[in-house]
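Source file work.txt; content: compact mmCIF, C-alpha atoms.
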```
# COMPACT_ATOMS: atom_id res chain seq x y z
CA MET M 1 107.09 106.81 103.10
CA ALA M 2 103.73 108.50 103.53
CA SER M 3 103.01 106.75 106.83
CA GLU M 4 105.87 108.38 108.71
CA ALA M 5 104.69 111.80 107.57
CA HIS M 6 101.21 110.98 108.87
CA GLY M 7 102.55 109.91 112.24
CA ALA M 8 104.73 112.99 112.59
CA GLU M 9 101.91 115.40 111.77
CA THR M 10 99.27 114.03 114.10
CA GLY M 11 100.91 111.69 116.60
CA GLY M 12 99.10 110.00 119.47
CA LEU M 13 96.37 107.54 118.63
CA VAL M 14 96.07 108.56 115.00
CA PHE M 15 97.87 106.10 112.74
CA HIS M 16 97.84 105.02 109.16
CA PRO M 17 95.68 101.94 108.51
CA MET M 18 98.34 100.44 106.20
CA ASP M 19 101.15 100.70 108.77
CA GLN M 20 100.38 97.22 110.04
CA PHE M 21 101.63 95.67 106.79
CA ILE M 22 105.18 97.09 106.96
CA VAL M 23 107.82 94.36 106.86
CA LYS M 24 110.42 94.90 109.60
CA PRO M 25 113.58 92.94 110.45
CA LEU M 26 113.13 91.55 113.95
CA PHE M 27 116.73 91.78 115.18
CA GLY M 28 117.68 95.30 114.10
CA GLY M 29 119.39 96.42 110.93
CA ASP M 30 117.79 98.16 107.99
CA THR M 31 118.58 96.00 105.00
CA ILE M 32 116.50 92.90 104.36
CA HIS M 33 118.33 89.98 102.77
CA TRP M 34 116.77 86.67 101.85
CA TYR M 35 117.88 85.18 105.17
CA THR M 36 116.81 88.11 107.40
CA VAL M 37 114.27 87.15 110.06
CA THR M 38 111.37 89.56 109.63
CA ASN M 39 107.92 89.68 111.16
CA VAL M 40 106.58 87.98 108.00
CA THR M 41 108.91 85.01 108.23
CA LEU M 42 108.32 84.74 112.00
CA TRP M 43 104.56 84.50 111.61
CA MET M 44 104.81 82.14 108.64
CA ALA M 45 107.01 79.88 110.73
CA LEU M 46 104.54 80.14 113.61
CA SER M 47 101.68 79.07 111.36
CA VAL M 48 103.70 76.07 110.17
CA VAL M 49 104.42 75.20 113.82
CA ALA M 50 100.71 75.59 114.62
CA VAL M 51 99.73 73.22 111.79
CA ILE M 52 102.30 70.66 112.96
CA GLY M 53 101.08 71.06 116.52
CA LEU M 54 97.49 70.48 115.52
CA MET M 55 97.95 67.69 113.00
CA VAL M 56 100.92 65.74 114.40
CA LEU M 57 100.82 66.28 118.16
CA GLY M 58 97.04 66.57 118.31
CA THR M 59 96.43 63.21 116.66
CA ARG M 60 99.39 61.41 118.23
CA ARG M 61 97.33 59.40 120.72
CA ARG M 62 94.91 58.15 118.03
CA ALA M 63 92.19 57.78 120.60
CA VAL M 64 88.91 56.12 119.61
CA VAL M 65 87.13 58.88 121.48
CA PRO M 66 89.07 61.86 120.12
CA SER M 67 90.33 64.73 122.22
CA ARG M 68 89.42 68.26 121.16
CA SER M 69 92.55 68.86 119.08
CA GLN M 70 92.28 65.40 117.51
CA SER M 71 88.67 65.96 116.49
CA ILE M 72 89.57 69.32 114.91
CA GLY M 73 92.40 67.62 113.01
CA GLU M 74 90.07 64.83 111.86
CA LEU M 75 87.43 67.38 110.89
CA ALA M 76 89.93 69.33 108.77
CA TYR M 77 91.24 66.14 107.14
CA GLY M 78 87.77 64.87 106.29
CA PHE M 79 86.66 68.28 105.04
CA VAL M 80 89.55 68.69 102.60
CA TYR M 81 89.45 65.03 101.53
CA LYS M 82 85.77 65.28 100.65
CA MET M 83 86.40 68.56 98.81
CA VAL M 84 89.15 67.03 96.66
CA GLU M 85 87.04 63.95 95.95
CA ASP M 86 83.88 65.91 95.07
CA VAL M 87 85.40 68.74 93.05
CA ALA M 88 88.51 67.28 91.42
CA GLY M 89 87.43 63.66 91.16
CA LYS M 90 88.66 60.31 92.51
CA ASP M 91 91.88 60.29 90.49
CA ALA M 92 92.96 63.60 92.04
CA ILE M 93 93.29 61.99 95.47
CA LYS M 94 97.04 61.59 95.00
CA PHE M 95 97.29 65.38 95.12
CA PHE M 96 95.44 65.43 98.43
CA PRO M 97 98.60 65.96 100.59
CA TYR M 98 99.51 69.09 98.61
CA ILE M 99 95.99 70.53 98.80
CA MET M 100 95.70 69.67 102.50
CA THR M 101 99.02 71.46 103.14
CA LEU M 102 97.83 74.52 101.23
CA PHE M 103 94.55 74.64 103.14
CA MET M 104 96.05 74.16 106.59
CA PHE M 105 98.81 76.71 105.99
CA ILE M 106 96.46 79.37 104.65
CA VAL M 107 93.79 78.86 107.28
CA MET M 108 96.38 78.94 110.08
CA ALA M 109 98.12 82.02 108.66
CA ASN M 110 94.75 83.78 108.37
CA PHE M 111 93.66 82.91 111.90
CA LEU M 112 97.04 83.76 113.46
CA GLY M 113 96.97 87.05 111.57
CA LEU M 114 93.74 87.90 113.38
CA LEU M 115 95.40 87.74 116.81
CA PRO M 116 96.01 91.20 118.25
CA MET M 117 99.61 92.41 117.73
CA SER M 118 100.28 89.65 115.23
CA PHE M 119 101.12 89.98 111.55
CA ALA M 120 98.82 88.78 108.76
CA THR M 121 101.29 87.08 106.41
CA THR M 122 98.64 86.22 103.81
CA SER M 123 97.91 89.95 103.37
CA HIS M 124 101.18 90.23 101.44
CA PHE M 125 101.01 89.63 97.71
CA ALA M 126 104.54 88.22 97.78
CA VAL M 127 103.31 85.34 99.97
CA THR M 128 100.12 84.52 98.10
CA ILE M 129 101.66 84.91 94.63
CA VAL M 130 104.21 82.21 95.49
CA LEU M 131 101.39 79.90 96.61
CA ALA M 132 99.32 80.66 93.49
CA LEU M 133 102.28 80.28 91.10
CA MET M 134 103.10 76.90 92.63
CA VAL M 135 99.52 75.80 92.01
CA PHE M 136 99.65 77.19 88.46
CA LEU M 137 102.93 75.43 87.63
CA THR M 138 101.79 72.18 89.23
CA VAL M 139 98.51 72.19 87.34
CA THR M 140 100.14 73.07 84.01
CA ILE M 141 102.85 70.43 84.36
CA VAL M 142 100.35 67.78 85.50
CA GLY M 143 98.11 68.66 82.57
CA PHE M 144 100.87 68.22 80.01
CA VAL M 145 102.29 65.08 81.62
CA LYS M 146 98.89 63.39 81.91
CA ASN M 147 97.38 64.41 78.56
CA GLY M 148 100.33 65.45 76.41
CA ALA M 149 99.25 67.83 73.68
CA GLY M 150 95.66 66.88 74.47
CA PHE M 151 95.89 69.38 77.34
CA LEU M 152 95.60 72.12 74.71
CA GLY M 153 92.04 70.87 74.16
CA LEU M 154 91.26 72.94 77.24
CA PHE M 155 91.55 76.01 75.02
CA TRP M 156 89.76 74.54 71.99
CA VAL M 157 86.05 74.52 72.86
CA SER M 158 84.84 71.63 70.71
CA SER M 159 81.16 72.21 71.54
CA ALA M 160 81.17 75.73 70.05
CA PRO M 161 80.61 76.55 66.34
CA LEU M 162 83.82 76.33 64.31
CA ALA M 163 83.86 80.05 63.46
CA LEU M 164 83.74 81.00 67.14
CA ARG M 165 86.47 78.63 68.30
CA PRO M 166 89.55 80.84 67.59
CA VAL M 167 87.93 83.73 69.48
CA LEU M 168 87.01 81.46 72.37
CA ALA M 169 90.51 79.98 72.33
CA LEU M 170 91.98 83.46 72.76
CA ILE M 171 89.64 84.21 75.67
CA GLU M 172 90.38 80.82 77.27
CA ILE M 173 94.13 81.39 76.98
CA ILE M 174 93.86 84.84 78.57
CA SER M 175 91.69 83.50 81.37
CA TYR M 176 94.13 80.64 81.91
CA PHE M 177 97.07 82.98 82.38
CA VAL M 178 95.11 85.40 84.60
CA ARG M 179 94.40 82.49 86.99
CA PRO M 180 97.50 82.88 89.19
CA VAL M 181 96.90 86.65 89.36
CA SER M 182 93.28 86.43 90.49
CA HIS M 183 94.01 83.38 92.65
CA SER M 184 96.63 85.24 94.69
CA ILE M 185 95.10 88.71 94.69
CA ARG M 186 91.76 87.37 95.93
CA LEU M 187 93.33 85.98 99.10
CA ALA M 188 95.75 88.84 99.78
CA GLY M 189 93.22 91.54 98.87
CA ASN M 190 90.51 90.13 101.12
CA ILE M 191 92.80 89.75 104.12
CA MET M 192 94.47 93.12 103.57
CA ALA M 193 91.16 94.95 103.09
CA GLY M 194 89.71 93.35 106.22
CA HIS M 195 92.67 94.26 108.40
CA ALA M 196 92.77 97.81 107.00
CA VAL M 197 89.06 98.25 107.80
CA LEU M 198 89.67 97.05 111.37
CA LYS M 199 92.44 99.62 111.75
CA VAL M 200 90.29 102.40 110.27
CA PHE M 201 87.59 101.71 112.86
CA ALA M 202 90.28 101.52 115.55
CA GLY M 203 91.35 105.01 114.50
CA PHE M 204 87.79 106.28 115.08
CA ALA M 205 87.89 104.89 118.63
CA ALA M 206 90.11 107.82 119.65
CA ILE M 207 87.26 110.28 119.02
CA ALA M 208 85.13 110.28 122.19
CA VAL M 209 81.75 110.88 120.49
CA VAL M 210 81.91 107.89 118.15
CA SER M 211 84.07 105.54 120.21
CA PRO M 212 81.21 103.30 121.53
CA LEU M 213 79.95 102.92 117.97
CA SER M 214 83.48 102.23 116.80
CA VAL M 215 84.02 99.51 119.41
CA VAL M 216 80.77 97.81 118.34
CA ALA M 217 81.83 98.11 114.70
CA ILE M 218 85.26 96.60 115.41
CA THR M 219 83.63 93.66 117.19
CA ALA M 220 81.23 93.07 114.31
CA MET M 221 83.98 93.42 111.69
CA TYR M 222 86.24 91.09 113.65
CA GLY M 223 83.52 88.45 113.62
CA LEU M 224 83.19 88.92 109.86
CA GLU M 225 86.97 88.66 109.46
CA VAL M 226 87.04 85.33 111.31
CA LEU M 227 84.48 84.09 108.77
CA VAL M 228 86.42 85.61 105.85
CA ALA M 229 89.68 84.05 107.07
CA PHE M 230 88.13 80.59 106.79
CA ILE M 231 86.15 81.25 103.59
CA GLN M 232 89.17 82.61 101.73
CA ALA M 233 91.25 79.55 102.66
CA TYR M 234 88.32 77.39 101.50
CA VAL M 235 88.00 79.33 98.24
CA PHE M 236 91.74 79.11 97.57
CA THR M 237 91.74 75.33 98.02
CA ILE M 238 88.51 74.73 96.11
CA LEU M 239 89.84 76.75 93.15
CA THR M 240 93.01 74.66 93.29
CA CYS M 241 90.75 71.60 93.03
CA VAL M 242 88.89 73.13 90.07
CA TYR M 243 92.15 73.88 88.25
CA LEU M 244 93.36 70.36 89.01
CA LYS M 245 90.18 68.91 87.56
CA ASP M 246 90.78 70.96 84.39
CA ALA M 247 94.30 69.54 84.18
CA LEU M 248 93.20 65.92 84.66
CA HIS M 249 90.16 66.11 82.36
CA PRO M 250 90.85 68.95 79.90
CA SER M 251 88.02 68.19 77.47
CA HIS M 252 85.30 70.81 77.37
CA MET D 1 97.63 118.42 91.51
CA GLU D 2 98.57 115.01 90.16
CA GLY D 3 98.40 113.50 93.63
CA GLN D 4 94.91 114.90 94.10
CA LEU D 5 93.81 113.45 90.76
CA ALA D 6 95.16 110.09 91.90
CA HIS D 7 92.99 110.34 95.01
CA ILE D 8 89.93 111.08 92.87
CA GLY D 9 90.81 108.08 90.74
CA ALA D 10 91.10 105.92 93.85
CA GLY D 11 87.65 107.05 94.91
CA LEU D 12 86.27 106.23 91.46
CA ALA D 13 87.88 102.80 91.64
CA ALA D 14 85.90 102.19 94.82
CA ILE D 15 82.76 102.10 92.64
CA GLY D 16 84.10 98.72 91.53
CA SER D 17 83.51 97.28 94.99
CA GLY D 18 79.87 98.31 94.70
CA ALA D 19 79.65 96.53 91.35
CA ALA D 20 81.22 93.42 92.91
CA ALA D 21 78.65 93.66 95.70
CA ILE D 22 75.86 93.50 93.10
CA GLY D 23 77.51 90.44 91.56
CA VAL D 24 77.98 88.62 94.86
CA GLY D 25 74.43 89.48 95.89
CA ASN D 26 73.15 88.09 92.60
CA VAL D 27 74.99 84.80 93.10
CA ALA D 28 73.88 84.37 96.71
CA GLY D 29 70.30 85.50 96.04
CA ASN D 30 69.83 83.15 93.13
CA TYR D 31 71.35 80.32 95.14
CA LEU D 32 68.89 80.99 97.96
CA ALA D 33 65.95 81.16 95.54
CA GLY D 34 66.97 77.84 94.03
CA ALA D 35 67.66 76.29 97.41
CA LEU D 36 64.20 77.20 98.70
CA ARG D 37 62.56 75.62 95.67
CA ASN D 38 64.55 72.42 96.00
CA PRO D 39 66.11 72.20 99.48
CA SER D 40 67.32 68.62 98.96
CA ALA D 41 69.67 69.71 96.16
CA ALA D 42 70.98 72.75 98.04
CA ALA D 43 73.73 71.08 100.06
CA SER D 44 75.40 69.63 96.96
CA GLN D 45 75.69 73.08 95.39
CA THR D 46 77.42 75.01 98.19
CA ALA D 47 80.83 74.46 96.57
CA THR D 48 79.52 75.96 93.32
CA LEU D 49 78.09 78.85 95.35
CA PHE D 50 81.47 79.65 96.85
CA ILE D 51 83.26 79.34 93.52
CA GLY D 52 80.71 81.74 92.00
CA ILE D 53 81.10 84.19 94.86
CA ALA D 54 84.88 83.97 94.58
CA PHE D 55 84.86 84.75 90.86
CA ALA D 56 82.45 87.67 91.30
CA GLU D 57 84.42 89.00 94.22
CA ALA D 58 87.81 88.80 92.50
CA LEU D 59 86.88 91.63 90.15
CA GLY D 60 85.89 93.84 93.08
CA ILE D 61 89.23 93.05 94.68
CA PHE D 62 90.92 94.12 91.43
CA SER D 63 89.30 97.55 91.74
CA PHE D 64 90.44 97.71 95.36
CA LEU D 65 93.93 96.95 94.10
CA VAL D 66 93.70 99.75 91.54
CA ALA D 67 92.66 102.11 94.33
CA LEU D 68 95.62 100.99 96.45
CA LEU D 69 98.03 101.48 93.55
CA LEU D 70 96.67 104.98 92.95
CA MET D 71 96.93 105.87 96.64
CA PHE D 72 100.40 104.49 97.39
CA ALA D 73 102.26 103.68 94.18
CA VAL D 74 101.47 106.63 91.87
```
Please lay out the structure from this file as structure tokens.
Amino acid sequence: MASEAHGAETGGLVFHPMDQFIVKPLFGGDTIHWYTVTNVTLWMALSVVAVIGLMVLGTRRRAVVPSRSQSIGELAYGFVYKMVEDVAGKDAIKFFPYIMTLFMFIVMANFLGLLPMSFATTSHFAVTIVLALMVFLTVTIVGFVKNGAGFLGLFWVSSAPLALRPVLALIEIISYFVRPVSHSIRLAGNIMAGHAVLKVFAGFAAIAVVSPLSVVAITAMYGLEVLVAFIQAYVFTILTCVYLKDALHPSH
Amino acid sequence: MEGQLAHIGAGLAAIGSGAAAIGVGNVAGNYLAGALRNPSAAASQTATLFIGIAFAEALGIFSFLVALLLMFAV
């Protein structure tokens, strides 16, 4: 791989900005099977544990005056509930547990990925594509179960002139099948680009002349990345809600 | 030679992020212009704002992906 060549040539503090995304088995060995514990699976498990810790243990006491962790849990619950209700409609509330799970997992994985020495699991396309494909399959199946063949009305724009409709139907079908691609690549690309930029600035810190500037830049970029980590989780969930609304009410 | 051409292509693909920046700026700027005209309606449209930004940004991310593919996969 190119990264090893880079490291061998220069050594020291110079490193490749994409090295941080290499998947490694934690307990030795070179081959990765489906059951191998890697840094990706470790940090995914940690984010699940963090969500459980926040939502189950944090709200266990059910105090009238909430503790800090309970109020964060209540805030997250209310935030996602209102999002589902506003964007996808009242009848989408039965999908709220799924959407809440998606949001909490992504936001926790993003935030844990920002810890120094940690691993950003959502920067891997393999992780986000699974999430996006699950949303895509769910939405498609729900659409056909709820509306039957009427779900195909999503592609037949009845408000357009008749001559235009086949063309529009083609465009709608393409855009429908690109959804899981853009849905997953948006999340992974944003997180990956942000972390790569942080590492690029970290590489500049080794050069004495620009290192103060570089440290300031890392701090500023890190602040931006904290914002991006939340916004991308928000965007992922809100797009899930939009797709769900399309499935429940496919008429144009 | 081919590797160098791939690097040039990756640099050209980075133009796409500039184009996405124009798109995102357009969305946010128009939202702000509308919000200042009618501040009471602004809060109800933040979700639409983020959806618009997400769609505009996705295409910039695609060009970033093309650059990555040219750098590491070709």
Expected answer as an MDAnalysis selection string: chain M residues within 8 Å of chain D, all atoms listed in the file: chainID M and resid 182 185:186 189:190 235 238:239
Please produce an output containing C-alpha atoms for each residue in the selection, written as a PDB file, in the frame of the given file.
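As a result, selection33.pdb now contains:
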```
ATOM      1  CA  SER M 182      93.280  86.430  90.490  1.00  0.00           C
ATOM      2  CA  ILE M 185      95.100  88.710  94.690  1.00  0.00           C
ATOM      3  CA  ARG M 186      91.760  87.370  95.930  1.00  0.00           C
ATOM      4  CA  GLY M 189      93.220  91.540  98.870  1.00  0.00           C
ATOM      5  CA  ASN M 190      90.510  90.130 101.120  1.00  0.00           C
ATOM      6  CA  VAL M 235      88.000  79.330  98.240  1.00  0.00           C
ATOM      7  CA  ILE M 238      88.510  74.730  96.110  1.00  0.00           C
ATOM      8  CA  LEU M 239      89.840  76.750  93.150  1.00  0.00           C
TER       9      LEU M 239
END
```
Contacts of stretch 24-27 of chain D within 6 Å, all atoms listed in the file, excl. fewer than 2 positions in-chain, as a VMD selection string: chain D and resid 21 to 22 29 to 30 53 56
Include C-alpha atoms and write out the residues we just selected as a PDB file, keeping the file's coordinate frame.
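Produced file part-v9.pdb, reproduced below:
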```
ATOM      1  CA  ALA D  21      78.650  93.660  95.700  1.00  0.00           C
ATOM      2  CA  ILE D  22      75.860  93.500  93.100  1.00  0.00           C
ATOM      3  CA  GLY D  29      70.300  85.500  96.040  1.00  0.00           C
ATOM      4  CA  ASN D  30      69.830  83.150  93.130  1.00  0.00           C
ATOM      5  CA  ILE D  53      81.100  84.190  94.860  1.00  0.00           C
ATOM      6  CA  ALA D  56      82.450  87.670  91.300  1.00  0.00           C
TER       7      ALA D  56
END
```
Contact residues around stretch 101-117 of chain M with all atoms listed in the file at 8 Å, ignoring same-chain residues under 2 positions, as a list in words: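 The residues satisfying every condition are Trp43, Met44, Ser47, Val48, Ala50, Val51, Val80, Pro97, Tyr98, Ile99, Phe119, Ala120, Thr121, Thr122, Leu131, Ile191, Glu225, Val226, Ala229, Phe230, Ala233, Tyr234, Phe236 and Thr237 of chain M.
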With C-alpha atoms retained, could you export that selection as an mmCIF file, in the coordinates of the input?
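Final output, out-v9.cif:
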```
data_model
loop_
_atom_site.group_PDB
_atom_site.id
_atom_site.type_symbol
_atom_site.label_atom_id
_atom_site.label_comp_id
_atom_site.auth_asym_id
_atom_site.auth_seq_id
_atom_site.Cartn_x
_atom_site.Cartn_y
_atom_site.Cartn_z
ATOM 1 C CA TRP M 43 104.560 84.500 111.610
ATOM 2 C CA MET M 44 104.810 82.140 108.640
ATOM 3 C CA SER M 47 101.680 79.070 111.360
ATOM 4 C CA VAL M 48 103.700 76.070 110.170
ATOM 5 C CA ALA M 50 100.710 75.590 114.620
ATOM 6 C CA VAL M 51 99.730 73.220 111.790
ATOM 7 C CA VAL M 80 89.550 68.690 102.600
ATOM 8 C CA PRO M 97 98.600 65.960 100.590
ATOM 9 C CA TYR M 98 99.510 69.090 98.610
ATOM 10 C CA ILE M 99 95.990 70.530 98.800
ATOM 11 C CA PHE M 119 101.120 89.980 111.550
ATOM 12 C CA ALA M 120 98.820 88.780 108.760
ATOM 13 C CA THR M 121 101.290 87.080 106.410
ATOM 14 C CA THR M 122 98.640 86.220 103.810
ATOM 15 C CA LEU M 131 101.390 79.900 96.610
ATOM 16 C CA ILE M 191 92.800 89.750 104.120
ATOM 17 C CA GLU M 225 86.970 88.660 109.460
ATOM 18 C CA VAL M 226 87.040 85.330 111.310
ATOM 19 C CA ALA M 229 89.680 84.050 107.070
ATOM 20 C CA PHE M 230 88.130 80.590 106.790
ATOM 21 C CA ALA M 233 91.250 79.550 102.660
ATOM 22 C CA TYR M 234 88.320 77.390 101.500
ATOM 23 C CA PHE M 236 91.740 79.110 97.570
ATOM 24 C CA THR M 237 91.740 75.330 98.020
#
```
Exercise: D:Gly9 partners within 8 Å, all atoms listed in the file, chain neighbours under 4 positions left out, as number ranges by chain: D: 5, 13, 67, 70
For M:Leu248, the nearest of the candidates M:Val139, M:Leu152, M:Met134, M:Val40, counting only C-alpha atoms: M:Val139
Straight-line distance linking atom CA of M:Tyr176 with atom CA of M:Trp156, stated in Å to one decimal: 12.4 Å
Contacts of M:Phe204 at 12 Å (all atoms listed in the file; same-chain gap of 6+ positions) as a PyMOL selection string: chain M and resi 13-17+197-198+210-218
Counting all atoms listed in the file, the residue of D:Leu49, D:Gly3, D:Ser63, D:Ala41 that sits nearest D:Ala20: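 Of all the options, D:Ser63 lies closest to D:Ala20.
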Excluding same-chain residues fewer than 2 positions from D:Ala10, what lies within 8 Å of it counting all atoms listed in the file, as a CSV table (one decimal) with C-alpha atoms, in the coordinates of the input?
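Once written, part34.csv looks like this:
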```csv
chain,number,residue,atom,x,y,z
D,6,ALA,CA,95.2,110.1,91.9
D,7,HIS,CA,93.0,110.3,95.0
D,8,ILE,CA,89.9,111.1,92.9
D,12,LEU,CA,86.3,106.2,91.5
D,13,ALA,CA,87.9,102.8,91.6
D,14,ALA,CA,85.9,102.2,94.8
D,66,VAL,CA,93.7,99.8,91.5
D,67,ALA,CA,92.7,102.1,94.3
D,68,LEU,CA,95.6,101.0,96.4
D,70,LEU,CA,96.7,105.0,93.0
D,71,MET,CA,96.9,105.9,96.6
```
Repaired coordinates for stretch 1-24 of chain D (N, CA and C atoms) as a PDB file, keeping the file's coordinate frame:
```
ATOM      1  N   MET D   1      98.809 118.590  92.366  1.00  0.00           N
ATOM      2  CA  MET D   1      97.630 118.420  91.510  1.00  0.00           C
ATOM      3  C   MET D   1      97.497 116.959  91.074  1.00  0.00           C
ATOM      4  N   GLU D   2      98.640 116.390  90.627  1.00  0.00           N
ATOM      5  CA  GLU D   2      98.570 115.010  90.160  1.00  0.00           C
ATOM      6  C   GLU D   2      98.186 114.060  91.281  1.00  0.00           C
ATOM      7  N   GLY D   3      98.731 114.337  92.484  1.00  0.00           N
ATOM      8  CA  GLY D   3      98.400 113.500  93.630  1.00  0.00           C
ATOM      9  C   GLY D   3      96.929 113.547  93.952  1.00  0.00           C
ATOM     10  N   GLN D   4      96.343 114.763  93.825  1.00  0.00           N
ATOM     11  CA  GLN D   4      94.910 114.900  94.100  1.00  0.00           C
ATOM     12  C   GLN D   4      94.090 114.143  93.067  1.00  0.00           C
ATOM     13  N   LEU D   5      94.524 114.206  91.806  1.00  0.00           N
ATOM     14  CA  LEU D   5      93.810 113.450  90.760  1.00  0.00           C
ATOM     15  C   LEU D   5      93.880 111.967  91.044  1.00  0.00           C
ATOM     16  N   ALA D   6      95.039 111.508  91.551  1.00  0.00           N
ATOM     17  CA  ALA D   6      95.160 110.090  91.900  1.00  0.00           C
ATOM     18  C   ALA D   6      94.171 109.715  92.987  1.00  0.00           C
ATOM     19  N   HIS D   7      93.962 110.623  93.942  1.00  0.00           N
ATOM     20  CA  HIS D   7      92.990 110.340  95.010  1.00  0.00           C
ATOM     21  C   HIS D   7      91.579 110.256  94.448  1.00  0.00           C
ATOM     22  N   ILE D   8      91.260 111.154  93.493  1.00  0.00           N
ATOM     23  CA  ILE D   8      89.930 111.080  92.870  1.00  0.00           C
ATOM     24  C   ILE D   8      89.777 109.755  92.138  1.00  0.00           C
ATOM     25  N   GLY D   9      90.855 109.360  91.445  1.00  0.00           N
ATOM     26  CA  GLY D   9      90.810 108.080  90.740  1.00  0.00           C
ATOM     27  C   GLY D   9      90.603 106.916  91.692  1.00  0.00           C
ATOM     28  N   ALA D  10      91.257 106.986  92.865  1.00  0.00           N
ATOM     29  CA  ALA D  10      91.100 105.920  93.850  1.00  0.00           C
ATOM     30  C   ALA D  10      89.653 105.857  94.323  1.00  0.00           C
ATOM     31  N   GLY D  11      89.053 107.019  94.509  1.00  0.00           N
ATOM     32  CA  GLY D  11      87.650 107.050  94.910  1.00  0.00           C
ATOM     33  C   GLY D  11      86.757 106.464  93.832  1.00  0.00           C
ATOM     34  N   LEU D  12      87.067 106.781  92.564  1.00  0.00           N
ATOM     35  CA  LEU D  12      86.270 106.230  91.460  1.00  0.00           C
ATOM     36  C   LEU D  12      86.442 104.712  91.392  1.00  0.00           C
ATOM     37  N   ALA D  13      87.654 104.243  91.681  1.00  0.00           N
ATOM     38  CA  ALA D  13      87.880 102.800  91.640  1.00  0.00           C
ATOM     39  C   ALA D  13      87.061 102.093  92.697  1.00  0.00           C
ATOM     40  N   ALA D  14      86.713 102.808  93.766  1.00  0.00           N
ATOM     41  CA  ALA D  14      85.900 102.190  94.820  1.00  0.00           C
ATOM     42  C   ALA D  14      84.503 101.852  94.335  1.00  0.00           C
ATOM     43  N   ILE D  15      84.053 102.489  93.219  1.00  0.00           N
ATOM     44  CA  ILE D  15      82.760 102.100  92.640  1.00  0.00           C
ATOM     45  C   ILE D  15      82.766 100.626  92.285  1.00  0.00           C
ATOM     46  N   GLY D  16      83.966 100.131  91.901  1.00  0.00           N
ATOM     47  CA  GLY D  16      84.100  98.720  91.530  1.00  0.00           C
ATOM     48  C   GLY D  16      83.681  97.790  92.641  1.00  0.00           C
ATOM     49  N   SER D  17      83.929  98.175  93.906  1.00  0.00           N
ATOM     50  CA  SER D  17      83.510  97.280  94.990  1.00  0.00           C
ATOM     51  C   SER D  17      82.000  97.219  95.073  1.00  0.00           C
ATOM     52  N   GLY D  18      81.327  98.349  94.736  1.00  0.00           N
ATOM     53  CA  GLY D  18      79.870  98.310  94.700  1.00  0.00           C
ATOM     54  C   GLY D  18      79.372  97.378  93.606  1.00  0.00           C
ATOM     55  N   ALA D  19      80.043  97.422  92.453  1.00  0.00           N
ATOM     56  CA  ALA D  19      79.650  96.530  91.350  1.00  0.00           C
ATOM     57  C   ALA D  19      79.856  95.073  91.744  1.00  0.00           C
ATOM     58  N   ALA D  20      80.976  94.790  92.444  1.00  0.00           N
ATOM     59  CA  ALA D  20      81.220  93.420  92.910  1.00  0.00           C
ATOM     60  C   ALA D  20      80.156  93.015  93.916  1.00  0.00           C
ATOM     61  N   ALA D  21      79.694  93.969  94.724  1.00  0.00           N
ATOM     62  CA  ALA D  21      78.650  93.660  95.700  1.00  0.00           C
ATOM     63  C   ALA D  21      77.380  93.227  95.000  1.00  0.00           C
ATOM     64  N   ILE D  22      77.037  93.902  93.877  1.00  0.00           N
ATOM     65  CA  ILE D  22      75.860  93.500  93.100  1.00  0.00           C
ATOM     66  C   ILE D  22      76.042  92.063  92.606  1.00  0.00           C
ATOM     67  N   GLY D  23      77.258  91.773  92.094  1.00  0.00           N
ATOM     68  CA  GLY D  23      77.510  90.440  91.560  1.00  0.00           C
ATOM     69  C   GLY D  23      77.400  89.363  92.624  1.00  0.00           C
ATOM     70  N   VAL D  24      78.017  89.606  93.789  1.00  0.00           N
ATOM     71  CA  VAL D  24      77.980  88.620  94.860  1.00  0.00           C
ATOM     72  C   VAL D  24      76.549  88.445  95.356  1.00  0.00           C
TER      73      VAL D  24
END
```
